[in-house]
>>> print(open('input21.cif').read())   # mmCIF, C-alpha atoms
data_structure
loop_
_atom_site.group_PDB
_atom_site.id
_atom_site.type_symbol
_atom_site.label_atom_id
_atom_site.label_comp_id
_atom_site.auth_asym_id
_atom_site.auth_seq_id
_atom_site.Cartn_x
_atom_site.Cartn_y
_atom_site.Cartn_z
ATOM 1 C CA MET U 848 -86.445 26.415 -0.978
ATOM 2 C CA GLN U 849 -83.206 24.639 -1.610
ATOM 3 C CA MET U 850 -80.703 25.617 -4.229
ATOM 4 C CA SER U 851 -78.285 23.097 -5.590
ATOM 5 C CA LEU U 852 -75.033 23.956 -7.217
ATOM 6 C CA PRO U 853 -74.172 22.210 -10.418
ATOM 7 C CA HIS U 854 -71.949 19.232 -9.826
ATOM 8 C CA THR U 855 -68.589 19.470 -11.490
ATOM 9 C CA ASP U 856 -66.309 16.495 -11.792
ATOM 10 C CA VAL U 857 -62.881 17.705 -10.690
ATOM 11 C CA SER U 858 -60.191 15.077 -11.006
ATOM 12 C CA PRO U 859 -56.746 15.598 -9.476
ATOM 13 C CA GLU U 860 -53.923 16.407 -11.805
ATOM 14 C CA PRO U 861 -51.782 13.404 -12.596
ATOM 15 C CA HIS U 862 -48.557 13.145 -10.589
ATOM 16 C CA GLN U 863 -45.662 14.481 -12.553
ATOM 17 C CA PRO U 864 -42.787 11.993 -12.418
ATOM 18 C CA ARG U 865 -39.473 13.343 -11.259
ATOM 19 C CA PRO U 866 -37.278 13.972 -14.284
ATOM 20 C CA PRO U 867 -34.331 11.565 -14.373
ATOM 21 C CA LEU U 868 -30.752 12.734 -14.070
ATOM 22 C CA ARG U 869 -29.252 13.845 -17.323
ATOM 23 C CA HIS U 870 -25.843 12.790 -18.565
ATOM 24 C CA ARG U 871 -24.155 15.978 -17.318
ATOM 25 C CA SER U 872 -25.388 15.231 -13.811
ATOM 26 C CA TYR U 873 -23.673 11.855 -14.004
ATOM 27 C CA VAL U 874 -20.507 13.557 -15.238
ATOM 28 C CA PHE U 875 -20.653 15.889 -12.230
ATOM 29 C CA ILE U 876 -21.117 12.926 -9.867
ATOM 30 C CA ALA U 877 -18.142 11.058 -11.350
ATOM 31 C CA LEU U 878 -15.844 14.102 -11.309
ATOM 32 C CA PHE U 879 -16.822 15.125 -7.787
ATOM 33 C CA ALA U 880 -16.310 11.568 -6.496
ATOM 34 C CA ALA U 881 -12.914 11.370 -8.232
ATOM 35 C CA THR U 882 -11.947 14.673 -6.604
ATOM 36 C CA LEU U 883 -12.774 13.352 -3.138
ATOM 37 C CA THR U 884 -10.998 10.045 -3.779
ATOM 38 C CA LEU U 885 -7.800 11.708 -4.983
ATOM 39 C CA ALA U 886 -7.929 14.231 -2.137
ATOM 40 C CA THR U 887 -7.809 11.364 0.367
ATOM 41 C CA GLY U 888 -4.398 10.525 -1.106
ATOM 42 C CA TRP U 889 -3.099 12.978 1.506
ATOM 43 C CA LEU U 890 -5.240 11.556 4.306
ATOM 44 C CA SER U 891 -3.280 9.111 6.461
ATOM 45 C CA SER U 892 -5.707 6.350 7.424
ATOM 46 C CA THR U 893 -3.433 3.479 8.514
ATOM 47 C CA ILE U 894 0.057 3.125 9.961
ATOM 48 C CA SER U 895 2.150 0.087 10.841
ATOM 49 C CA TYR U 896 5.721 -0.645 11.880
ATOM 50 C CA SER U 897 7.835 -3.609 10.790
ATOM 51 C CA PRO U 898 10.599 -5.237 12.864
ATOM 52 C CA ALA U 899 13.018 -3.800 10.297
ATOM 53 C CA GLY U 900 12.158 -0.298 11.501
ATOM 54 C CA VAL U 901 10.179 0.599 8.385
ATOM 55 C CA ILE U 902 7.015 2.664 8.706
ATOM 56 C CA SER U 903 4.150 1.826 6.350
ATOM 57 C CA GLN U 904 1.582 4.608 6.061
ATOM 58 C CA GLY U 905 -1.649 4.046 4.188
ATOM 59 C CA TYR U 906 -3.519 6.906 2.532
ATOM 60 C CA GLY U 907 -7.118 6.905 1.334
ATOM 61 C CA PHE U 908 -10.641 6.590 2.691
ATOM 62 C CA PRO U 909 -12.449 4.355 3.420
ATOM 63 C CA PHE U 910 -9.775 2.024 2.006
ATOM 64 C CA ALA U 911 -6.068 2.830 1.892
ATOM 65 C CA TRP U 912 -5.270 2.885 -1.830
ATOM 66 C CA LYS U 913 -1.755 4.293 -1.451
ATOM 67 C CA VAL U 914 0.974 2.967 0.859
ATOM 68 C CA ILE U 915 4.300 4.675 1.486
ATOM 69 C CA ASP U 916 7.086 2.604 3.046
ATOM 70 C CA ALA U 917 9.601 4.837 4.778
ATOM 71 C CA SER U 918 12.525 4.606 7.149
ATOM 72 C CA CYS U 919 11.135 7.665 8.931
ATOM 73 C CA PRO U 920 7.829 9.558 8.724
ATOM 74 C CA PRO U 921 7.127 11.821 5.721
ATOM 75 C CA PRO U 922 8.484 14.234 4.692
ATOM 76 C CA CYS U 923 11.652 12.308 5.554
ATOM 77 C CA ILE U 924 13.953 12.337 2.522
ATOM 78 C CA GLN U 925 15.081 8.784 3.283
ATOM 79 C CA ALA U 926 11.584 7.453 2.648
ATOM 80 C CA ASN U 927 11.528 5.044 -0.243
ATOM 81 C CA GLY U 928 8.737 3.166 -1.953
ATOM 82 C CA THR U 929 5.172 4.109 -2.863
ATOM 83 C CA PHE U 930 2.651 1.437 -3.805
ATOM 84 C CA TYR U 931 -0.834 1.819 -5.293
ATOM 85 C CA ASP U 932 -3.727 -0.556 -4.691
ATOM 86 C CA TRP U 933 -6.031 0.066 -7.639
ATOM 87 C CA PHE U 934 -8.753 -2.232 -6.274
ATOM 88 C CA ALA U 935 -8.897 -0.128 -3.101
ATOM 89 C CA PHE U 936 -8.904 3.019 -5.256
ATOM 90 C CA ALA U 937 -11.886 1.690 -7.219
ATOM 91 C CA GLY U 938 -13.648 0.852 -3.951
ATOM 92 C CA ASP U 939 -13.129 4.386 -2.638
ATOM 93 C CA LEU U 940 -14.307 5.868 -5.931
ATOM 94 C CA LEU U 941 -17.505 3.794 -5.907
ATOM 95 C CA PHE U 942 -18.072 4.749 -2.270
ATOM 96 C CA PHE U 943 -17.960 8.472 -3.063
ATOM 97 C CA ILE U 944 -19.979 8.013 -6.268
ATOM 98 C CA ALA U 945 -22.787 6.382 -4.269
ATOM 99 C CA ILE U 946 -22.787 9.140 -1.639
ATOM 100 C CA THR U 947 -22.657 11.937 -4.219
ATOM 101 C CA TYR U 948 -25.431 10.318 -6.259
ATOM 102 C CA LEU U 949 -27.769 10.160 -3.262
ATOM 103 C CA ILE U 950 -27.023 13.761 -2.267
ATOM 104 C CA VAL U 951 -27.578 15.058 -5.804
ATOM 105 C CA LEU U 952 -30.774 13.053 -6.170
ATOM 106 C CA TYR U 953 -32.163 14.392 -2.895
ATOM 107 C CA SER U 954 -31.082 17.975 -3.622
ATOM 108 C CA LEU U 955 -32.679 18.029 -7.065
ATOM 109 C CA ARG U 956 -35.997 16.915 -5.590
ATOM 110 C CA LYS U 957 -35.923 19.991 -3.377
ATOM 111 C CA ARG U 958 -34.479 22.491 -5.827
ATOM 112 C CA GLN U 959 -34.689 21.817 -9.527
ATOM 113 C CA ALA U 960 -32.812 25.060 -10.154
ATOM 114 C CA LEU U 961 -29.736 23.349 -8.750
ATOM 115 C CA ARG U 962 -29.593 21.236 -11.903
ATOM 116 C CA THR U 963 -28.512 24.259 -13.925
ATOM 117 C CA VAL U 964 -25.566 24.833 -11.606
ATOM 118 C CA LEU U 965 -24.450 21.198 -11.474
ATOM 119 C CA GLU U 966 -24.641 20.777 -15.228
ATOM 120 C CA SER U 967 -22.916 24.018 -16.179
ATOM 121 C CA ARG U 968 -19.944 23.607 -18.483
ATOM 122 C CA LYS U 969 -17.874 25.955 -16.340
ATOM 123 C CA LEU U 970 -18.321 23.882 -13.174
ATOM 124 C CA LEU U 971 -17.659 20.593 -14.957
ATOM 125 C CA GLY U 972 -14.552 22.076 -16.551
ATOM 126 C CA LEU U 973 -13.249 23.283 -13.187
ATOM 127 C CA LEU U 974 -13.860 19.868 -11.642
ATOM 128 C CA ALA U 975 -12.027 18.163 -14.509
ATOM 129 C CA LEU U 976 -9.032 20.471 -14.007
ATOM 130 C CA LEU U 977 -9.145 19.802 -10.268
ATOM 131 C CA VAL U 978 -9.076 16.035 -10.852
ATOM 132 C CA ILE U 979 -6.049 16.412 -13.135
ATOM 133 C CA ALA U 980 -4.300 18.670 -10.614
ATOM 134 C CA LEU U 981 -4.937 16.268 -7.730
ATOM 135 C CA ALA U 982 -3.732 13.261 -9.735
ATOM 136 C CA ALA U 983 -0.579 15.105 -10.803
ATOM 137 C CA GLY U 984 -0.037 16.404 -7.275
ATOM 138 C CA ASN U 985 -0.313 12.929 -5.785
ATOM 139 C CA TYR U 986 2.193 11.522 -8.249
ATOM 140 C CA ALA U 987 4.601 14.441 -7.786
ATOM 141 C CA TYR U 988 4.421 14.063 -4.005
ATOM 142 C CA ASP U 989 4.878 10.293 -4.235
ATOM 143 C CA SER U 990 7.816 10.558 -6.635
ATOM 144 C CA VAL U 991 9.833 12.214 -3.858
ATOM 145 C CA TYR U 992 9.802 8.836 -2.127
ATOM 146 C CA GLY U 993 10.000 6.789 -5.299
ATOM 147 C CA THR U 994 7.152 4.876 -6.889
ATOM 148 C CA GLY U 995 7.373 1.108 -6.902
ATOM 149 C CA ASN U 996 9.589 -1.199 -4.866
ATOM 150 C CA HIS U 997 13.026 0.274 -4.202
ATOM 151 C CA TRP U 998 13.813 -1.908 -1.202
ATOM 152 C CA THR U 999 15.372 -4.812 -3.120
ATOM 153 C CA GLY U 1000 18.562 -5.844 -1.383
ATOM 154 C CA TYR U 1001 17.723 -4.072 1.865
ATOM 155 C CA GLY U 1002 16.627 -6.106 4.846
ATOM 156 C CA ILE U 1003 17.250 -6.793 8.507
ATOM 157 C CA LEU U 1004 18.785 -10.253 8.899
ATOM 158 C CA GLU U 1005 18.833 -12.205 12.136
ATOM 159 C CA LEU U 1006 20.020 -15.707 12.925
ATOM 160 C CA ASP U 1007 16.897 -17.659 13.850
ATOM 161 C CA HIS U 1008 18.654 -20.903 14.803
ATOM 162 C CA TYR U 1009 21.523 -23.143 13.741
ATOM 163 C CA SER U 1010 22.743 -26.700 14.104
ATOM 164 C CA PHE U 1011 25.863 -28.836 13.779
ATOM 165 C CA GLN U 1012 24.508 -32.030 12.199
ATOM 166 C CA ASN U 1013 27.828 -33.849 12.239
ATOM 167 C CA ALA U 1014 31.515 -33.100 12.125
ATOM 168 C CA ASN U 1015 32.286 -30.054 9.975
ATOM 169 C CA LEU U 1016 28.688 -29.526 8.773
ATOM 170 C CA LEU U 1017 27.024 -26.295 9.870
ATOM 171 C CA THR U 1018 23.495 -25.220 8.949
ATOM 172 C CA LEU U 1019 22.214 -21.688 9.519
ATOM 173 C CA TRP U 1020 18.587 -20.553 9.377
ATOM 174 C CA ILE U 1021 18.462 -16.804 8.743
ATOM 175 C CA ARG U 1022 15.303 -14.702 8.966
ATOM 176 C CA ASN U 1023 14.770 -11.566 6.883
ATOM 177 C CA TYR U 1024 12.523 -8.977 8.532
ATOM 178 C CA GLY U 1025 12.378 -6.909 5.342
ATOM 179 C CA PRO U 1026 11.472 -4.612 3.827
ATOM 180 C CA GLY U 1027 13.173 -5.998 0.699
ATOM 181 C CA THR U 1028 14.430 -9.320 -0.633
ATOM 182 C CA VAL U 1029 18.050 -9.954 0.341
ATOM 183 C CA THR U 1030 20.421 -12.127 -1.687
ATOM 184 C CA LEU U 1031 23.377 -13.728 0.096
ATOM 185 C CA THR U 1032 26.472 -14.230 -2.053
ATOM 186 C CA ASN U 1033 29.154 -15.374 0.369
ATOM 187 C CA LEU U 1034 29.528 -17.300 3.635
ATOM 188 C CA SER U 1035 32.653 -17.470 5.777
ATOM 189 C CA ILE U 1036 33.154 -19.562 8.915
ATOM 190 C CA THR U 1037 36.036 -18.608 11.212
ATOM 191 C CA ASP U 1038 37.254 -20.337 14.362
ATOM 192 C CA GLY U 1039 38.932 -18.822 17.408
ATOM 193 C CA SER U 1040 42.430 -19.157 15.943
ATOM 194 C CA GLY U 1041 41.543 -17.311 12.755
ATOM 195 C CA ALA U 1042 41.304 -20.353 10.478
ATOM 196 C CA GLN U 1043 38.610 -19.723 7.928
ATOM 197 C CA ALA U 1044 36.481 -21.479 5.327
ATOM 198 C CA VAL U 1045 34.850 -19.369 2.606
ATOM 199 C CA PHE U 1046 31.970 -20.458 0.370
ATOM 200 C CA PRO U 1047 30.339 -18.676 -2.576
ATOM 201 C CA ILE U 1048 26.565 -19.024 -2.216
ATOM 202 C CA PHE U 1049 23.394 -17.734 -3.831
ATOM 203 C CA VAL U 1050 20.496 -17.628 -1.391
ATOM 204 C CA SER U 1051 17.604 -15.159 -1.741
ATOM 205 C CA ILE U 1052 15.417 -14.511 1.298
ATOM 206 C CA ASP U 1053 12.111 -12.705 0.845
ATOM 207 C CA PRO U 1054 10.769 -10.322 3.494
ATOM 208 C CA ASN U 1055 9.327 -12.024 6.588
ATOM 209 C CA THR U 1056 10.627 -15.425 5.518
ATOM 210 C CA MET U 1057 13.555 -17.614 6.475
ATOM 211 C CA GLY U 1058 16.360 -19.095 4.377
ATOM 212 C CA SER U 1059 18.845 -21.831 5.214
ATOM 213 C CA ILE U 1060 22.519 -22.335 4.396
ATOM 214 C CA ALA U 1061 24.369 -25.620 4.933
ATOM 215 C CA GLU U 1062 28.109 -25.974 4.289
ATOM 216 C CA ASN U 1063 30.720 -28.619 5.081
ATOM 217 C CA THR U 1064 34.128 -27.215 5.989
ATOM 218 C CA THR U 1065 36.058 -30.458 5.444
ATOM 219 C CA GLY U 1066 37.157 -29.546 1.928
ATOM 220 C CA GLN U 1067 38.742 -26.309 3.167
ATOM 221 C CA GLY U 1068 40.605 -27.817 6.092
ATOM 222 C CA LEU U 1069 38.564 -26.190 8.850
ATOM 223 C CA ARG U 1070 37.650 -28.641 11.570
ATOM 224 C CA LEU U 1071 34.564 -27.907 13.644
ATOM 225 C CA THR U 1072 34.816 -29.302 17.162
ATOM 226 C CA GLN U 1073 32.340 -29.584 19.991
ATOM 227 C CA SER U 1074 32.365 -26.637 22.430
ATOM 228 C CA GLY U 1075 33.991 -24.544 19.719
ATOM 229 C CA VAL U 1076 32.876 -20.948 19.109
ATOM 230 C CA TYR U 1077 32.746 -19.743 15.500
ATOM 231 C CA ARG U 1078 31.955 -16.583 13.584
ATOM 232 C CA ALA U 1079 29.651 -17.119 10.621
ATOM 233 C CA ALA U 1080 29.578 -14.094 8.317
ATOM 234 C CA VAL U 1081 27.334 -13.660 5.290
ATOM 235 C CA VAL U 1082 27.771 -11.056 2.564
ATOM 236 C CA THR U 1083 24.808 -9.672 0.628
ATOM 237 C CA SER U 1084 24.565 -8.647 -3.013
ATOM 238 C CA ARG U 1085 24.983 -5.047 -1.823
ATOM 239 C CA ASN U 1086 28.318 -5.987 -0.253
ATOM 240 C CA SER U 1087 26.969 -5.683 3.274
ATOM 241 C CA GLN U 1088 28.376 -8.140 5.818
ATOM 242 C CA ILE U 1089 26.440 -9.564 8.768
ATOM 243 C CA THR U 1090 28.238 -11.674 11.360
ATOM 244 C CA PHE U 1091 26.712 -14.229 13.727
ATOM 245 C CA THR U 1092 28.339 -16.143 16.574
ATOM 246 C CA VAL U 1093 27.586 -19.868 16.813
ATOM 247 C CA THR U 1094 28.687 -22.392 19.439
ATOM 248 C CA TRP U 1095 28.722 -26.166 19.123
ATOM 249 C CA THR U 1096 27.298 -27.230 22.476
#
>>> encode(input="input21.cif", output="structure tokens")
Amino acid sequence: MQMSLPHTDVSPEPHQPRPPLRHRSYVFIALFAATLTLATGWLSSTISYSPAGVISQGYGFPFAWKVIDASCPPPCIQANGTFYDWFAFAGDLLFFIAITYLIVLYSLRKRQALRTVLESRKLLGLLALLVIALAAGNYAYDSVYGTGNHWTGYGILELDHYSFQNANLLTLWIRNYGPGTVTLTNLSITDGSGAQAVFPIFVSIDPNTMGSIAENTTGQGLRLTQSGVYRAAVVTSRNSQITFTVTWT
């Protein structure tokens, strides 16, 4: 004798979709990413040296969004010039937002109770205060070195080459290795006997570029002769004098 159990139609419960992130979760992600981005303002990620002896240190990760130009490494008090790259800052912020979003999304799938912690007003308030503190701290630290370009007028000048095109006409090509734009206001040419020709000029040379000066000494009675050795001195807008020696060969 066989007994049969009544057949019952048992259908599986429908899959419950994962609840989407709420707006406070997005606020947490943005604040946490901003905290990490601002914190990297103290993380030195790049360093370079210019021929002028200036050190450029980049701060930020993965992109350097802050660059400090200094004549010696921080915290050198002679350092001068802090520059912000807001496109790099936005790139870093998006980078940390993406990472934080994925971590939060994965964590909430494992522990829904974590949502209560992430969305608590107290935690969001603390993160907001931390973002403000980091932003203010970065600016306060940077202000020691000066924000913006304070190198105008300062540069390392070298004579790249020169030529005597004809009698009494001398042309100088001067290279500026930076870090700032240098303006030349005066040129003097002196021969071995002390005779001198002086010219007011206005030549600005940007960093890592070359400027030329051409003057004819005939009007000032200075005769340039072949095989002669001359001192060519330029004066900058900061009243700094640089002297070069030129020889007509």
>>> residues_around(input="input21.cif", residues="Ser895 in chain U", least_positions_apart="4", cutoff="10 Å", atoms="all atoms listed in the file", output="VMD selection string")
chain U and resid 901 to 905 916
>>> atom_distance(input="input21.cif", atom1="CA of Phe1049 in chain U", atom2="CA of Thr929 in chain U")
28.5 Å
>>> atom_distance(input="input21.cif", atom1="CA of Arg1070 in chain U", atom2="CA of Pro1047 in chain U")
18.8 Å
>>> resolve_selection(input="input21.cif", expression="the PyMOL selection byres ((chain U and resi 963-977) around 8)", output="ChimeraX atom specification")
/U:871-872,874-875,878-879,882,959-962,978-981
>>> write_last_selection(input="input21.cif", atoms="C-alpha atoms", output="mmCIF file, keeping the file's coordinate frame")
data_model
loop_
_atom_site.group_PDB
_atom_site.id
_atom_site.type_symbol
_atom_site.label_atom_id
_atom_site.label_comp_id
_atom_site.auth_asym_id
_atom_site.auth_seq_id
_atom_site.Cartn_x
_atom_site.Cartn_y
_atom_site.Cartn_z
ATOM 1 C CA ARG U 871 -24.155 15.978 -17.318
ATOM 2 C CA SER U 872 -25.388 15.231 -13.811
ATOM 3 C CA VAL U 874 -20.507 13.557 -15.238
ATOM 4 C CA PHE U 875 -20.653 15.889 -12.230
ATOM 5 C CA LEU U 878 -15.844 14.102 -11.309
ATOM 6 C CA PHE U 879 -16.822 15.125 -7.787
ATOM 7 C CA THR U 882 -11.947 14.673 -6.604
ATOM 8 C CA GLN U 959 -34.689 21.817 -9.527
ATOM 9 C CA ALA U 960 -32.812 25.060 -10.154
ATOM 10 C CA LEU U 961 -29.736 23.349 -8.750
ATOM 11 C CA ARG U 962 -29.593 21.236 -11.903
ATOM 12 C CA VAL U 978 -9.076 16.035 -10.852
ATOM 13 C CA ILE U 979 -6.049 16.412 -13.135
ATOM 14 C CA ALA U 980 -4.300 18.670 -10.614
ATOM 15 C CA LEU U 981 -4.937 16.268 -7.730
#
>>> atom_distance(input="input21.cif", atom1="CA of Asp989 in chain U", atom2="CA of Ile915 in chain U")
8.0 Å
>>> residues_around(input="input21.cif", residues="Asp1053 in chain U", least_positions_apart="4", cutoff="9 Å", atoms="only C-alpha atoms", output="short mmCIF file (atom, residue, chain, number, x, y, z; two decimals) with C-alpha atoms, keeping the file's coordinate frame")
data_model
loop_
_atom_site.label_atom_id
_atom_site.label_comp_id
_atom_site.auth_asym_id
_atom_site.auth_seq_id
_atom_site.Cartn_x
_atom_site.Cartn_y
_atom_site.Cartn_z
CA GLY U 1002 16.63 -6.11 4.85
CA ARG U 1022 15.30 -14.70 8.97
CA ASN U 1023 14.77 -11.57 6.88
CA TYR U 1024 12.52 -8.98 8.53
CA GLY U 1025 12.38 -6.91 5.34
CA PRO U 1026 11.47 -4.61 3.83
CA GLY U 1027 13.17 -6.00 0.70
CA THR U 1028 14.43 -9.32 -0.63
CA VAL U 1029 18.05 -9.95 0.34
CA THR U 1030 20.42 -12.13 -1.69
CA MET U 1057 13.56 -17.61 6.48
CA GLY U 1058 16.36 -19.10 4.38
#
